Each structure stands twice: as structure tokens, then as C-alpha cells.
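Worksheet: the structure to be examined is printed underneath.
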Amino acid sequence: AAIVISGLTLGSYLLIKRDIKAVTQIPFIIYIISGIVVSSSWFLLEWASGNAHIVKGFITYQKRLFETGDAGHDGPFYYHVVVLILGCFPASFVFIFSLFRKTQLTPFQVNLRRVMLCLFWAVLILFSVVKTKIVHYSSLCYFPITFVAATALMQQSGELVAKRIQKIIFWMIAALLGSVLTVIPFTDVLKQPVIRAGLIGDKFAVLNLNASGGWKGYEFVIGLIFIAASGFVYRGLVRSKNTMVMQGLAVFIICLWMAVAIIVPRIELYTQHAAVNFYRKKANETCYVETHRFKSYAQLFYTNRRPEDYNYPLQKKYIAEMLDQMVKEGNSRLTSYFTANLLWMEYGPIDRPAYIVAKTPDDEEVLKIPGMEKLYEENGYSFFKRKPVQPAR
């Protein structure tokens with residue numbers, strides 16, 4: 001991904017500059033060769049170590065990310081446009097309406113701005129084309145968005161928010177985000193009427209809401225602070241007063257800090273707290289822990305797993321055989337080390353207890369696995385145990 005992004009950025013920049021000869025210069029050639037050597041060394045080392053299946057699985061996985069909405073992470077083509085407009089507000093707003101404002105910039109600033117815009121479009125277009133949609137895929141756009149927005153503010157060449165449509169769009173976004181931050185603290189009060197009304201079609205999400213967020217009652221103030229900060233920024237943009245804009249941004253930072261410190265931990269109580277609690281309990285136990293039909297790294301992190309915990313010879317053999325079989329069958333959607341590893345824990349010979357965490361709506365599917373015992377369920381998650389199984393002779 002890094003090679004593709006840097007290549008697209010550099011290529012588009014050289015095309016705009018009409019400086020194609022730059023690719024024949026010694027520094028550029030050294031950059032390309034060193035990049036290929038360093039990145040290829042990982043593949044060569046794994047292949048030489050007898051782990052060719054890992055290399056094949058990696059390549060297949062990247063292909064699957066590009067061609068399909070992997071692991072349910074799919075979305076429309078404009079997914080990242082919405083993510084950046086809302087997630088980078090108000091910088092995204094200033095960025096959009098300052099794309100063609102580059103007066104009062106030095107030649108160096110103009111050049112750097114051009115590089116940033118090439119980076120922005122390379123990342124946005126690339127991950128809009130990629131079928132798998134995850135929020136952080138477009139995170140590299142944060143830098144060009146904030147850079148271009150900052151240069152626009154520093155120019156002081158007239159109002160950035162002058163037209164009526166601009167003002168309407170600004171307040172639509174501010175009101176939407178402010179309302180979300182204001183309403184979220186009332187989740188425990190509103191969830192039952194919403195569930196009874198059938199407004200949530202996802203069974204797993206409904207079960208998540210069985211948890212209590214432990215709200216104190218004052219958290220809605222964060223939403224009001226957000227709206228107030230939006231007012232400061234709006235007035236500064238309309239009146240071309242950077243001091244007022246900076247004051248508004250300072251309040252935004254305080255609001256963000258409060259949201260991360262107060263709101264996010266309470267949201268986590270609904271989303272994955274039950275699973276994380278289970279993982280922590282298994283941190284000191286010699287066992288395997290894996291998720292069924294949903295992807296996560298939490299089970300590896302919170303159980304303090306180490307590479308040596310997955311060094312069972314029969315595991316390696318089983319996984320290699322499964323990967324080869326998947327490749328032969330052309331089942332590219334299932335071809336991955338993680339899938340093969342899960343199949344080994346659920347069906348293969350294991351030398352220690354294997355704990356499987358699944359979403360409660362998938363209970364029946366997991367219970368069909370021979371030797372699988374259900375321990376309990378909590379807030380949308382079900383926890384299962386499979387005892388050690390001796391290999392067939």
C-alpha cells in the first residue's frame with residue numbers, strides 16, 4: 001500500500017509539473033531499488049524459512065481486500081468522502097471551499113500545496129476504489145486536508161464562508177455532530193423505545209444494548225460545547241478573523257479530549273466490553289482464544305499471547321494443508337492464515353483448551369462443532385470451550 005500510494009502521489013505530481021525526466025535521475029532510481037529490496041526481503045525470508053503459505057496467504061488477502069468488502073467492511077464508493085467531511089470537521093469544510101484559493105503563497109508553499117493535493121487525491125481515489133471500507137484507510141488524507149485548510153486561513157484574503165449555501169452546509173454538519181454528542185449520553189433512556197419500535201434491524205446490536213453505559217447525566221454538555229465551538233469558528237470564517245477561528249479550534253480540542261475521556265469508554269461498554277473482560281480472564285491460562293466469523297486483534301492483545309503460544313507442530317501442519325486446499329479449490333474469500341487457524345482450533349487436533357468467542361446470533365452454527373461447549377453469553381457475545389483433542393493415529 002505504501003508503494004502504491006507514494007507511487008501515485010509522485011507520478012501525478014510529476015505529470016502536473018511535466019517533469020517526467022525526474023524518474024530517470026539517480027536519486028529516484030536508488031529510491032525505487034531500495035524500496036523493492038527492503039520490502040521484498042520479508043517475502044524472501046519467509047519463503048526461505050519454509051513459510052511459503054504465509055506469503056501466498058498475504059498476497060491473496062491483499063487481493064481480497066481490493067476486490068471484495070472483506071469481513072463485512074464494505075460500503076459505497078463515496079464512503080471515505082463522508083468519513084473525511086464529518087471526521088475532519090471543521091478543517092474539511094475549510095479545505096473544500098479553499099481548494100482554488102492559493103493567492104499570497106510563496107513559490108515553495110504553492111509547490112508543497114500541490115504535493116499535498118496529489119497525496120490527498122491519490123489516497124481518496126485509491127481507497128474509494130478498494131472494496132473493503134474501514135475508517136482509518138483514508139487517515140493519510142488528514143495531513144493534506146489540515147495543511148490546505150491552514151494555508152487558506154493564513155492568507156486572510158477575504159471571507160471563506162460568504163455564500164449562503166456554504167453557511168447552510170457548515171451548520172448542517174455542526175448540528176449533526178453536535179446532536180450526536182448530545183444524544184449519545186441518553187442511550188440507556190432511549191434504547192428500549194427504539195428497540196420496541198423495531199428501528200434496529202441488527203440482532204447483535206440489539207443484544208449489545210443490554211449493557212449499561214453507566215452514564216452520569218452530565219455528558220450531554222460535551223455536545224453543547226461542540227456547538228459553541230462551531231459558533232466561534234463560523235464567526236471567525238465569516239469575518240476573516242483568524243484569532244476567533246483559533247479560539248474555536250482550541251475549544252474543539254477540549255471537546256475532543258472530553259469525548260475521548262468520557263464518552264468513548266462508555267460506548268465501549270456496549271460494543272466489546274464483555275468480550276474484552278473474557279480475554280483478560282484468560283491472560284494467565286495456557287490456552288488458545290479466537291473469534292468466530294468476526295475479525296479482531298483484541299483476543300491476542302488482552303490475553304497476552306506470544307508467538308510461542310502458537311508453535312504447536314500439528315498446528316503448522318494443519319494450517320498449511322488447509323491453505324493449500326483452499327487455494328486448490330479457488331476459495332479466495334476464505335484463503336487466509338486466520339481462517340485456517342480458526343478451523344484448526346474448532347476441528348483440528350489441539351494440545352490445550354481452545355476458547356471461541358462468537359456473536360450470539362451465530363450460536364447454532366458454533367454448537368454444531370463436535371466437542372464444543374457453551375460457557376455463557378453476555379451482551380451479544382457467546383463464549384465457548386473446546387477441550388484438547390489427541391490427533392488421530
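As shown in the C-alpha cells, the chain order sets the letters A, B, ...; within each chain, residues go from 1, and ligands are also counted from 1 in the order they appear.
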Please return as a PyMOL selection string: the residues of region 122-241 of chain A that backbone DSSP assigns to helix (DSSP H, G or I). chain A and resi 122-129+135-155+164-196+203-208+221-239
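Among the candidates A:Gly35, A:Ser212, A:Arg113, A:Ser230, the one nearest to Ala91 (chain A) when counting only C-alpha atoms is A:Ser230.
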Show which residues sit within 9 Å of region 313-315 of chain A, as a list in words. Count only C-alpha atoms, and ignore same-chain residues fewer than 2 positions away. Tyr310, Asn311, Lys317, Tyr318, Ile319, Ala320, Asn341, Trp344, Met345, Gly348, Pro349, Ile350 and Pro391 of chain A
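The space separating CA of Ala354 (chain A) from CA of Pro388 (chain A) comes to 7.5 Å.
The smallest atom-to-atom distance between Ala298 (chain A) and any of A:Thr339, A:Val357, A:Arg164, A:Tyr312, using only C-alpha atoms, is found for A:Val357.
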Excluding Lys216 (chain A) and any residue of its chain fewer than 6 positions from it, enumerate the residues within 12 Å of it, using only C-alpha atoms, and give them as a PyMOL selection string. chain A and resi 185-188+262-263+266
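Our summary of the geometry notes that CA of Val83 (chain A) is positioned 6.8 Å from CA of Val135 (chain A).
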Using only C-alpha atoms, pick whichever of A:Phe383, A:Trp257, A:Tyr234, A:Phe252 has the shortest atom-to-atom distance to His292 (chain A).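 Ranking A:Phe383, A:Trp257, A:Tyr234, A:Phe252 by distance to His292 (chain A), first place goes to A:Phe383.
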Check the smallest atom-to-atom distance from each of A:Phe226, A:Tyr355, A:Ser240, A:Thr146 to Lys281 (chain A) using only C-alpha atoms, then report the winner.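 When distances to Lys281 (chain A) are compared using only C-alpha atoms, the smallest one comes from A:Tyr355.
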Counting only C-alpha atoms, what is within 9 Å of region 11-19 of chain A, bar same-chain residues fewer than 6 positions away, as a PyMOL selection string? chain A and resi 114-115+118-119+122
Using the selection just defined, write its residues with N, CA and C atoms as a short mmCIF file (atom, residue, chain, number, x, y, z; two decimals), in the first residue's frame.
```cif
data_model
loop_
_atom_site.label_atom_id
_atom_site.label_comp_id
_atom_site.auth_asym_id
_atom_site.auth_seq_id
_atom_site.Cartn_x
_atom_site.Cartn_y
_atom_site.Cartn_z
N ARG A 114 0.75 21.70 -3.76
CA ARG A 114 0.48 20.81 -4.89
C ARG A 114 0.78 19.36 -4.53
N VAL A 115 1.89 19.14 -3.82
CA VAL A 115 2.24 17.78 -3.37
C VAL A 115 1.15 17.24 -2.45
N CYS A 118 -1.89 16.22 -4.39
CA CYS A 118 -1.65 14.96 -5.09
C CYS A 118 -1.79 13.79 -4.12
N LEU A 119 -1.26 13.95 -2.91
CA LEU A 119 -1.38 12.92 -1.89
C LEU A 119 -2.84 12.69 -1.52
N ALA A 122 -4.69 10.92 -4.37
CA ALA A 122 -4.19 9.54 -4.53
C ALA A 122 -4.81 8.62 -3.49
#
```
CA of Phe147 (chain A) and CA of Leu177 (chain A), how far apart in Å?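 The value is 22.6 Å.
The shell of residues at most 12 Å from Arg306 (chain A), with only C-alpha atoms counted and near chain neighbours (fewer than 4 positions) removed, consists of A:Ala283, A:Asn284, A:Thr286, A:Cys287, A:Tyr288, A:Gln299, A:Leu300, A:Phe301, A:Tyr302, A:Tyr310, A:Asn311.
Nearest to Glu219 (chain A) of all the residues A:Ile125, A:Leu44, A:Met258, A:Val130 is A:Met258, based on only C-alpha atoms.
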Check the smallest atom-to-atom distance from each of A:Cys141, A:Ala22, A:Ile184, A:Leu207 to Phe95 (chain A) using only C-alpha atoms, then report the winner.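 Using only C-alpha atoms, the shortest distance to Phe95 (chain A) belongs to A:Cys141.
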Give me every strand (DSSP E or B) residue in region 330-371 of chain A, going by DSSP on the backbone, as an MDAnalysis selection string. chainID A and resid 354:359
So that I have them on file, write out the residues from the current selection with C-alpha atoms, as a CSV table (one decimal), in the first residue's frame.
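New file part.csv:
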```
chain,number,residue,atom,x,y,z
A,354,ALA,CA,-9.5,-23.5,22.8
A,355,TYR,CA,-11.9,-20.8,23.7
A,356,ILE,CA,-14.1,-19.5,20.8
A,357,VAL,CA,-15.9,-16.1,21.0
A,358,ALA,CA,-18.8,-15.7,18.7
A,359,LYS,CA,-21.7,-13.2,18.2
```
List the neighbours of Ser382 (chain A) out to 12 Å using only C-alpha atoms; skip same-chain residues closer than 4 positions along the sequence, and give me the result as a compact mmCIF listing (two decimals) with N, CA, C and O atoms, in the first residue's frame.
```txt
# COMPACT_ATOMS: atom_id res chain seq x y z
N PHE A 204 -27.45 -8.45 16.70
CA PHE A 204 -26.24 -8.31 17.52
C PHE A 204 -26.21 -6.94 18.20
O PHE A 204 -25.88 -6.82 19.39
N LEU A 207 -28.60 -6.82 21.13
CA LEU A 207 -28.05 -7.52 22.29
C LEU A 207 -26.95 -6.70 22.96
O LEU A 207 -26.79 -6.73 24.18
N ASN A 208 -26.16 -5.96 22.16
CA ASN A 208 -25.14 -5.08 22.72
C ASN A 208 -25.75 -4.08 23.68
O ASN A 208 -25.18 -3.74 24.73
N GLN A 272 -17.75 -3.89 23.06
CA GLN A 272 -16.89 -5.07 23.20
C GLN A 272 -16.41 -5.33 24.62
O GLN A 272 -15.53 -6.16 24.82
N ALA A 274 -17.77 -6.91 27.11
CA ALA A 274 -17.99 -8.29 27.56
C ALA A 274 -16.91 -9.21 27.01
O ALA A 274 -16.39 -10.08 27.73
N ALA A 275 -16.55 -9.02 25.74
CA ALA A 275 -15.52 -9.87 25.14
C ALA A 275 -14.14 -9.57 25.73
O ALA A 275 -13.38 -10.49 26.05
N PHE A 278 -13.63 -11.16 29.04
CA PHE A 278 -13.36 -12.60 28.92
C PHE A 278 -11.90 -12.83 28.54
O PHE A 278 -11.23 -13.71 29.11
N THR A 291 -11.74 -15.72 17.63
CA THR A 291 -13.09 -15.25 17.33
C THR A 291 -13.67 -16.02 16.16
O THR A 291 -12.94 -16.45 15.26
N HIS A 292 -14.98 -16.18 16.16
CA HIS A 292 -15.67 -16.93 15.11
C HIS A 292 -16.48 -15.98 14.24
O HIS A 292 -17.37 -15.27 14.72
N TYR A 355 -10.73 -21.55 23.39
CA TYR A 355 -11.93 -20.76 23.68
C TYR A 355 -12.33 -20.00 22.43
O TYR A 355 -11.51 -19.29 21.83
N ILE A 356 -13.56 -20.14 22.04
CA ILE A 356 -14.08 -19.49 20.83
C ILE A 356 -15.12 -18.45 21.24
O ILE A 356 -16.05 -18.75 21.99
N VAL A 357 -14.95 -17.23 20.74
CA VAL A 357 -15.88 -16.14 21.03
C VAL A 357 -16.66 -15.85 19.76
O VAL A 357 -16.08 -15.61 18.69
N ALA A 358 -17.98 -15.89 19.86
CA ALA A 358 -18.84 -15.66 18.70
C ALA A 358 -19.93 -14.65 19.04
O ALA A 358 -20.21 -14.40 20.22
N LYS A 359 -20.52 -14.08 18.03
CA LYS A 359 -21.68 -13.24 18.24
C LYS A 359 -22.87 -14.16 18.54
O LYS A 359 -23.05 -15.18 17.86
N THR A 360 -23.67 -13.81 19.51
CA THR A 360 -24.76 -14.68 19.97
C THR A 360 -25.69 -15.16 18.85
O THR A 360 -26.13 -16.31 18.87
N PRO A 361 -26.01 -14.32 17.84
CA PRO A 361 -26.85 -14.83 16.74
C PRO A 361 -26.24 -16.00 15.97
O PRO A 361 -26.94 -16.69 15.25
N ASP A 362 -24.93 -16.24 16.13
CA ASP A 362 -24.26 -17.35 15.44
C ASP A 362 -24.12 -18.58 16.32
O ASP A 362 -23.37 -19.52 15.98
N ASP A 363 -24.81 -18.62 17.46
CA ASP A 363 -24.67 -19.72 18.42
C ASP A 363 -24.89 -21.10 17.79
O ASP A 363 -24.11 -22.02 18.01
N GLU A 364 -25.97 -21.24 17.05
CA GLU A 364 -26.32 -22.55 16.49
C GLU A 364 -25.20 -23.10 15.60
O GLU A 364 -24.91 -24.30 15.61
N GLU A 365 -24.59 -22.22 14.85
CA GLU A 365 -23.51 -22.63 13.95
C GLU A 365 -22.32 -23.17 14.73
O GLU A 365 -21.73 -24.19 14.36
N VAL A 366 -21.96 -22.50 15.84
CA VAL A 366 -20.82 -22.94 16.64
C VAL A 366 -21.13 -24.22 17.40
O VAL A 366 -20.27 -25.10 17.53
N LEU A 367 -22.36 -24.36 17.89
CA LEU A 367 -22.73 -25.54 18.66
C LEU A 367 -22.75 -26.82 17.82
O LEU A 367 -22.74 -27.93 18.37
N GLU A 373 -18.47 -26.70 23.78
CA GLU A 373 -19.31 -26.47 24.97
C GLU A 373 -19.54 -24.97 25.16
O GLU A 373 -18.59 -24.18 25.18
N LYS A 374 -20.79 -24.58 25.31
CA LYS A 374 -21.10 -23.17 25.54
C LYS A 374 -20.98 -22.85 27.02
O LYS A 374 -21.58 -23.51 27.86
N LEU A 375 -20.18 -21.83 27.33
CA LEU A 375 -19.96 -21.43 28.72
C LEU A 375 -21.03 -20.46 29.18
O LEU A 375 -21.70 -20.69 30.18
N TYR A 376 -21.19 -19.35 28.45
CA TYR A 376 -22.22 -18.36 28.79
C TYR A 376 -22.29 -17.34 27.67
O TYR A 376 -21.49 -17.34 26.72
N GLU A 377 -23.26 -16.45 27.75
CA GLU A 377 -23.38 -15.35 26.79
C GLU A 377 -23.61 -14.04 27.55
O GLU A 377 -24.16 -14.03 28.66
N GLU A 378 -23.15 -12.95 26.95
CA GLU A 378 -23.28 -11.65 27.62
C GLU A 378 -23.26 -10.52 26.59
O GLU A 378 -22.33 -10.41 25.80
```
